[in-house]
Amino acid sequence: MQGKIFSAEESASARRLGISERFLRLLRSRRLSDAEIPDFLHPSLDKLSSPFDIHGMREAADRVRLAVERGEKILIFGDYDCDGICAISILMLALGKRTDVDYFIPNRQTDGYGMNVSSLERIIAHRRPDLVITVDCGITAVKEAVFLREQGIDLVVTDHHEPQEELPDCIVVDAKIDRKGFFDLCGAGVALKLVQALYGEEYREYLDICAIATVADVVPLVGDNRIIAYHGLKKCSASPRRGIKMLAGADAVTSQDVMFRLAPRINAAGRLGSAMKAVGLFLDEDYFMLKSLAEELERDNARRQEICEQVVSDAKRALRGIDFDLTRIIVLHDAGWEGGVLGIAAARLVEEFKCPAILFSGDGEEYKGSARSVRNVNIFELLSRHSELFTTFGGHSQAAGVGVRREDFGRLKEALVRDIARNYPPEDFLPAESDALRLDADERFLDLARELELLEPTGYGNPKPEFALEECGLKFERVGFGPHVKYAGGGLELMGFSRYGDLVGTTGGRTRVEFSLGVGCFRNRLYAQGVLRSVTAKSIDIDARVARVMCLHQLGRTGRGEVSSASLPQAREWAKQLFGTLFLVFSEEEYQRLLRDLPECKELPLFVGAQKWLNPVSAVAFAPDRNFDFSYYKRVVAAGAPLSESYLPYVAEQTGECFSLYGESALPPVITAEKVRSAYVAFDLMARRREHTRTPAELAASIRAQAKLSAEEYELSRLILENLGLISVSDRGIITVSRRKTELDRSAYYVNARH
């Protein structure tokens, strides 16, 4: 870890706490004092704050207790996400054994978020409750509270969202009103506290449900939330409810399982239709009912993923050509978008573009939207400054749900763009510097990995630590023929899932890899195992022949865009701008020349092969791969010679403007029909013999030896043959060969190479 020399004070404190010095540093970096560390590492239910610290809790408990004593009908009104579903389930289980209680969840598509009078009218017509209790919503239900009171129905609001200037005229339970004690609970956490206020220790029965909501709703996993998540997940694993076990597909449940398996499937019900059914996951016991429900949620989630991908794709297409120097917030509307996936899609855009995103859908008089934000922009505060333009509005610092009249959408978009430009410096929208902790190659990785288990459960507010190695010549091996890679050395094993493209060409120079760390086990042997999070080239050391192979895909591109000339003074001014310019180089020699002529480029991010983000921060791209997206840049400046004359015109069609800095001609490789045919014969022979190779490198060596090809000739021949559909190689290395006849001139790769 950065600075392996520890002070005498650090060593003494670590010994006193029973942890290592490096773990102590990590905990202190999270603003934990030495006095707080024992309770943090060993959470105790005895340390939970009092439920009566929460505003309105005593009055709410008294009213609910009175309803139970009188045998009144109670209706629980909850939100349609995982948090709301879990909160409903907690109160249904606690109150259902004592009185007549039912629940209602609005339909996202037809009812929208939170309470509204039309939903309440339907509830009254069919159920006529004496008391309505909201969970995970209601803090803005001012009109609805008046309506219920006029109907002779009492209302208790339990919520965790930010209160606005006017509160509903009823009993309101929300820790963020007074902000006493611990106030960052999720909606289910507030419901659990209500059960604790009513029935004392019985709340422990529902810790597992509350833990799922706590992790899923991305509230900070500190204080009460950490205690609830810690003990609740232990309960999930030790004595899981049948529905949870069935949906998780495993006996043990971790915070990662909640985030990436349980929560998306529970949320899917409310995103695509009615969330009412999802409550059965916690209330039902019948095996066949639960199995059917789990399968239905699985199907809903698969469909949700498909729909979300389409929304993200549509949004990216709509963003092409936007000047990110002037517009650093994404505000888009599409009548055809599914409202239930807008929040997830917005979060994806935030990750890619490093700026807030608000997506709206709807084709009527009102558009409904979801907002997500970056760390430097409190989206709740931003939107609050324009609350007069919203029909509905609620949320917190990083997420919000909103509604806007159709005629006000344009005004809102302009107002938000102006607000961002006025109140937030451009630097707030640069890709954030990583706070990964630096490790050295000789670290005792396994000891550290075992100690890190004390941090679990991890999540928002208590993230899984990320570490960094920065070395020359880090060698990752490709796993089979797929996109995954693996590194093993110095007592550490790193897996990079779908990271092959990030690592092509980086192994010679200094490379920084960032990863999470855990304990792996194989044949009863424990070892330190990490998952690769990011790869950054810090310096370039790539053989010219390797660089040319990285650029061969350029031969498959055709375009007719206009390429202009640029001068060094022009390029120097562009390099000083934060956003908008991408410099292209195709060899190390060209890169070093660019740095000599334009020293400003030394400060720019460097992409080697793969693109790390879509945010058009000014950068240098070394041999960009075939998936590189130029369309969000104002200009692309080629500071070298591509392999094909048609490559820069292709780039010019994607971006705003394309320039050549030195006016160099393309340097295409040489390939002959005989070389391509010899490669085809070698592939065909291997396919007939059913020969298998373990890695692409082994396959290349075998084909090159049989066909007598150089590395460049092999790669280009393979691209031509794949482009013509004559060969394919599966992720398992199985070669398929087509014996249909075709002309080599049908391949752009072949046409654009000299022959």
# chains A, B, ... in the order shown; residues from 1 in each chain; ligands from 1

$ residues_around --residues "segment 396-400 of chain A" --least-positions-apart "6" --cutoff "10 Å" --atoms "only C-alpha atoms" --output "ChimeraX atom specification"
/A:160-163,218,343,346-347,356-358,369-383

$ select_by_dssp --residues "segment 615-740 of chain A" --states "strand (DSSP E or B)" --output "list in words"
Val617, Ala619, Val620, Ala621, Phe622, Arg635, Val636, Val637, Ala638, Glu657, Cys658, Phe659, Ser660, Val670, Ile727, Ser728, Val729, Ile735, Thr736 and Val737 of chain A

$ atom_distance --atom1 "atom CA of Lys675 of chain A" --atom2 "atom CA of Ser738 of chain A"
18.0 Å

$ atom_distance --atom1 "atom CA of Pro642 of chain A" --atom2 "atom CA of Ala666 of chain A"
5.1 Å

$ residues_around --residues "Leu293 of chain A" --least-positions-apart "2" --cutoff "12 Å" --atoms "only C-alpha atoms" --output "ChimeraX atom specification"
/A:242-244,246-247,265-266,269,275-291,295-300

$ write_last_selection --atoms "N, CA and C atoms" --output "PDB file, in the first residue's frame"
ATOM      1  N   ARG A 242     -37.757 -18.996   2.026  1.00  0.00           N
ATOM      2  CA  ARG A 242     -37.790 -19.852   0.838  1.00  0.00           C
ATOM      3  C   ARG A 242     -37.748 -19.037  -0.451  1.00  0.00           C
ATOM      4  N   GLY A 243     -38.459 -17.911  -0.474  1.00  0.00           N
ATOM      5  CA  GLY A 243     -38.480 -17.093  -1.684  1.00  0.00           C
ATOM      6  C   GLY A 243     -37.133 -16.467  -1.988  1.00  0.00           C
ATOM      7  N   ILE A 244     -36.436 -15.994  -0.944  1.00  0.00           N
ATOM      8  CA  ILE A 244     -35.121 -15.390  -1.142  1.00  0.00           C
ATOM      9  C   ILE A 244     -34.142 -16.423  -1.667  1.00  0.00           C
ATOM     10  N   MET A 246     -34.767 -19.119  -3.293  1.00  0.00           N
ATOM     11  CA  MET A 246     -35.121 -19.537  -4.645  1.00  0.00           C
ATOM     12  C   MET A 246     -34.678 -18.498  -5.669  1.00  0.00           C
ATOM     13  N   LEU A 247     -34.849 -17.228  -5.348  1.00  0.00           N
ATOM     14  CA  LEU A 247     -34.477 -16.183  -6.288  1.00  0.00           C
ATOM     15  C   LEU A 247     -32.963 -15.996  -6.349  1.00  0.00           C
ATOM     16  N   ARG A 265     -33.998  -8.341 -10.042  1.00  0.00           N
ATOM     17  CA  ARG A 265     -35.159  -9.189 -10.333  1.00  0.00           C
ATOM     18  C   ARG A 265     -36.392  -8.734  -9.566  1.00  0.00           C
ATOM     19  N   ILE A 266     -36.204  -8.286  -8.329  1.00  0.00           N
ATOM     20  CA  ILE A 266     -37.341  -7.751  -7.571  1.00  0.00           C
ATOM     21  C   ILE A 266     -37.824  -6.452  -8.210  1.00  0.00           C
ATOM     22  N   ALA A 269     -40.241  -6.391 -11.621  1.00  0.00           N
ATOM     23  CA  ALA A 269     -41.706  -6.476 -11.600  1.00  0.00           C
ATOM     24  C   ALA A 269     -42.328  -5.089 -11.692  1.00  0.00           C
ATOM     25  N   ALA A 275     -45.880  -4.265  -9.402  1.00  0.00           N
ATOM     26  CA  ALA A 275     -44.965  -4.817  -8.402  1.00  0.00           C
ATOM     27  C   ALA A 275     -45.706  -5.581  -7.320  1.00  0.00           C
ATOM     28  N   MET A 276     -47.036  -5.613  -7.386  1.00  0.00           N
ATOM     29  CA  MET A 276     -47.824  -6.269  -6.333  1.00  0.00           C
ATOM     30  C   MET A 276     -47.385  -7.709  -6.123  1.00  0.00           C
ATOM     31  N   LYS A 277     -47.091  -8.400  -7.249  1.00  0.00           N
ATOM     32  CA  LYS A 277     -46.756  -9.822  -7.145  1.00  0.00           C
ATOM     33  C   LYS A 277     -45.463 -10.056  -6.390  1.00  0.00           C
ATOM     34  N   ALA A 278     -44.517  -9.095  -6.447  1.00  0.00           N
ATOM     35  CA  ALA A 278     -43.195  -9.312  -5.867  1.00  0.00           C
ATOM     36  C   ALA A 278     -43.240  -9.431  -4.350  1.00  0.00           C
ATOM     37  N   VAL A 279     -44.259  -8.855  -3.714  1.00  0.00           N
ATOM     38  CA  VAL A 279     -44.381  -8.967  -2.260  1.00  0.00           C
ATOM     39  C   VAL A 279     -44.536 -10.432  -1.850  1.00  0.00           C
ATOM     40  N   GLY A 280     -45.135 -11.225  -2.732  1.00  0.00           N
ATOM     41  CA  GLY A 280     -45.302 -12.649  -2.442  1.00  0.00           C
ATOM     42  C   GLY A 280     -43.996 -13.370  -2.217  1.00  0.00           C
ATOM     43  N   LEU A 281     -42.906 -12.825  -2.715  1.00  0.00           N
ATOM     44  CA  LEU A 281     -41.597 -13.438  -2.508  1.00  0.00           C
ATOM     45  C   LEU A 281     -41.284 -13.562  -1.020  1.00  0.00           C
ATOM     46  N   PHE A 282     -41.771 -12.606  -0.228  1.00  0.00           N
ATOM     47  CA  PHE A 282     -41.501 -12.602   1.206  1.00  0.00           C
ATOM     48  C   PHE A 282     -42.668 -13.138   2.037  1.00  0.00           C
ATOM     49  N   LEU A 283     -43.882 -13.088   1.474  1.00  0.00           N
ATOM     50  CA  LEU A 283     -45.057 -13.486   2.258  1.00  0.00           C
ATOM     51  C   LEU A 283     -45.475 -14.925   2.023  1.00  0.00           C
ATOM     52  N   ASP A 284     -45.286 -15.434   0.801  1.00  0.00           N
ATOM     53  CA  ASP A 284     -45.749 -16.785   0.479  1.00  0.00           C
ATOM     54  C   ASP A 284     -44.785 -17.845   0.994  1.00  0.00           C
ATOM     55  N   GLU A 285     -45.317 -19.033   1.219  1.00  0.00           N
ATOM     56  CA  GLU A 285     -44.503 -20.170   1.652  1.00  0.00           C
ATOM     57  C   GLU A 285     -44.633 -21.353   0.706  1.00  0.00           C
ATOM     58  N   ASP A 286     -45.670 -21.345  -0.127  1.00  0.00           N
ATOM     59  CA  ASP A 286     -45.909 -22.477  -1.019  1.00  0.00           C
ATOM     60  C   ASP A 286     -44.790 -22.586  -2.056  1.00  0.00           C
ATOM     61  N   TYR A 287     -44.191 -23.758  -2.162  1.00  0.00           N
ATOM     62  CA  TYR A 287     -43.034 -23.965  -3.043  1.00  0.00           C
ATOM     63  C   TYR A 287     -43.381 -23.658  -4.490  1.00  0.00           C
ATOM     64  N   PHE A 288     -44.489 -24.171  -4.965  1.00  0.00           N
ATOM     65  CA  PHE A 288     -44.838 -24.020  -6.378  1.00  0.00           C
ATOM     66  C   PHE A 288     -45.200 -22.573  -6.715  1.00  0.00           C
ATOM     67  N   MET A 289     -45.855 -21.887  -5.780  1.00  0.00           N
ATOM     68  CA  MET A 289     -46.148 -20.472  -5.994  1.00  0.00           C
ATOM     69  C   MET A 289     -44.848 -19.670  -6.099  1.00  0.00           C
ATOM     70  N   LEU A 290     -43.924 -19.968  -5.192  1.00  0.00           N
ATOM     71  CA  LEU A 290     -42.665 -19.240  -5.182  1.00  0.00           C
ATOM     72  C   LEU A 290     -41.823 -19.556  -6.405  1.00  0.00           C
ATOM     73  N   LYS A 291     -41.829 -20.811  -6.823  1.00  0.00           N
ATOM     74  CA  LYS A 291     -41.061 -21.192  -8.011  1.00  0.00           C
ATOM     75  C   LYS A 291     -41.599 -20.466  -9.243  1.00  0.00           C
ATOM     76  N   GLU A 295     -39.515 -17.598 -11.429  1.00  0.00           N
ATOM     77  CA  GLU A 295     -39.339 -17.727 -12.880  1.00  0.00           C
ATOM     78  C   GLU A 295     -39.903 -16.519 -13.609  1.00  0.00           C
ATOM     79  N   GLU A 296     -41.040 -16.009 -13.122  1.00  0.00           N
ATOM     80  CA  GLU A 296     -41.646 -14.832 -13.743  1.00  0.00           C
ATOM     81  C   GLU A 296     -40.757 -13.602 -13.560  1.00  0.00           C
ATOM     82  N   LEU A 297     -40.180 -13.445 -12.360  1.00  0.00           N
ATOM     83  CA  LEU A 297     -39.282 -12.321 -12.114  1.00  0.00           C
ATOM     84  C   LEU A 297     -38.025 -12.437 -12.969  1.00  0.00           C
ATOM     85  N   GLU A 298     -37.558 -13.663 -13.187  1.00  0.00           N
ATOM     86  CA  GLU A 298     -36.395 -13.882 -14.051  1.00  0.00           C
ATOM     87  C   GLU A 298     -36.701 -13.432 -15.483  1.00  0.00           C
ATOM     88  N   ARG A 299     -37.891 -13.786 -15.965  1.00  0.00           N
ATOM     89  CA  ARG A 299     -38.287 -13.372 -17.321  1.00  0.00           C
ATOM     90  C   ARG A 299     -38.443 -11.853 -17.404  1.00  0.00           C
ATOM     91  N   ASP A 300     -39.052 -11.275 -16.373  1.00  0.00           N
ATOM     92  CA  ASP A 300     -39.211  -9.818 -16.345  1.00  0.00           C
ATOM     93  C   ASP A 300     -37.851  -9.130 -16.402  1.00  0.00           C
TER      94      ASP A 300
END

$ closest_atom_pairs --of "segment 433-537 of chain A" --to "segment 190-212 of chain A" --cutoff "12 Å" --atoms "only C-alpha atoms" --output "Markdown table"
| residue | atom | partner | partner_atom | distance |
| --- | --- | --- | --- | --- |
| A:Pro457 | CA | A:Ala211 | CA | 10.0 |
| A:Thr458 | CA | A:Ala211 | CA | 12.0 |
| A:Gly459 | CA | A:Ile212 | CA | 11.8 |

$ write_last_selection --atoms "C-alpha atoms" --output "mmCIF file, in the first residue's frame"
data_model
loop_
_atom_site.group_PDB
_atom_site.id
_atom_site.type_symbol
_atom_site.label_atom_id
_atom_site.label_comp_id
_atom_site.auth_asym_id
_atom_site.auth_seq_id
_atom_site.Cartn_x
_atom_site.Cartn_y
_atom_site.Cartn_z
ATOM 1 C CA PRO A 457 -21.042 -6.080 3.637
ATOM 2 C CA THR A 458 -19.712 -3.508 1.216
ATOM 3 C CA GLY A 459 -21.663 -1.087 -0.926
#

$ closest_residue --among "A:Asp442, A:Glu493, A:Glu674, A:Glu427" --to "Cys355 of chain A" --atoms "only C-alpha atoms"
A:Glu427

$ residues_around --residues "Leu27 of chain A" --least-positions-apart "6" --cutoff "12 Å" --atoms "only C-alpha atoms" --output "number ranges by chain"
A: 10, 14, 17, 19-21, 33-38, 40-41, 437, 451-452, 454-455, 462-465

$ residues_around --residues "Thr655 of chain A" --least-positions-apart "4" --cutoff "8 Å" --atoms "only C-alpha atoms" --output "JSON, numbers by chain"
{"A": [321, 630, 631, 632, 633, 634, 635, 636, 651]}

$ closest_atom_pairs --of "segment 677-740 of chain A" --to "segment 539-550 of chain A" --cutoff "9 Å" --atoms "only C-alpha atoms" --output "CSV"
residue,atom,partner,partner_atom,distance
A:Ala711,CA,A:Val549,CA,7.8
A:Glu712,CA,A:Val549,CA,5.8
A:Glu715,CA,A:Val549,CA,6.9
A:Leu716,CA,A:Val549,CA,8.0

$ select_by_dssp --residues "segment 392-545 of chain A" --states "alpha helix (DSSP H)" --output "list of chain:residue names"
A:Phe409, A:Gly410, A:Arg411, A:Leu412, A:Lys413, A:Glu414, A:Ala415, A:Leu416, A:Val417, A:Arg418, A:Asp419, A:Ile420, A:Ala421, A:Arg422, A:Asn423, A:Phe445, A:Leu446, A:Asp447, A:Leu448, A:Ala449, A:Arg450, A:Glu451, A:Leu452, A:Tyr500, A:Gly501, A:Asp502, A:Leu503, A:Ala544, A:Arg545

$ residues_around --residues "Gly339 of chain A" --least-positions-apart "2" --cutoff "8 Å" --atoms "only C-alpha atoms" --output "number ranges by chain"
A: 108-109, 271, 337, 341-342, 360-362, 368-369

$ closest_residue --among "A:Gly491, A:Gly96, A:Gly187, A:Gly509" --to "Lys475 of chain A" --atoms "only C-alpha atoms"
A:Gly509

$ residues_around --residues "segment 443-445 of chain A" --least-positions-apart "6" --cutoff "9 Å" --atoms "only C-alpha atoms" --output "list in words"
Met1, Gly490, Gly491, Leu492, Leu517, Tyr527, Ala528 and Gln529 of chain A

$ closest_atom_pairs --of "segment 482-523 of chain A" --to "segment 685-706 of chain A" --cutoff "12 Å" --atoms "only C-alpha atoms" --output "JSON lines"
{"residue": "A:Gly482", "atom": "CA", "partner": "A:Thr695", "partner_atom": "CA", "distance": 9.3}
{"residue": "A:Pro483", "atom": "CA", "partner": "A:Pro696", "partner_atom": "CA", "distance": 11.2}
{"residue": "A:His484", "atom": "CA", "partner": "A:Thr695", "partner_atom": "CA", "distance": 11.6}
{"residue": "A:Val485", "atom": "CA", "partner": "A:Thr695", "partner_atom": "CA", "distance": 11.1}
{"residue": "A:Tyr500", "atom": "CA", "partner": "A:Pro696", "partner_atom": "CA", "distance": 11.9}

$ closest_residue --among "A:Leu155, A:Cys308, A:Ile344, A:Ile734" --to "Ala60 of chain A" --atoms "only C-alpha atoms"
A:Leu155

$ atom_distance --atom1 "atom CA of Ala335 of chain A" --atom2 "atom CA of Leu120 of chain A"
27.0 Å

$ closest_residue --among "A:Ala421, A:Val404, A:Leu661, A:Cys82" --to "Asp217 of chain A" --atoms "only C-alpha atoms"
A:Cys82
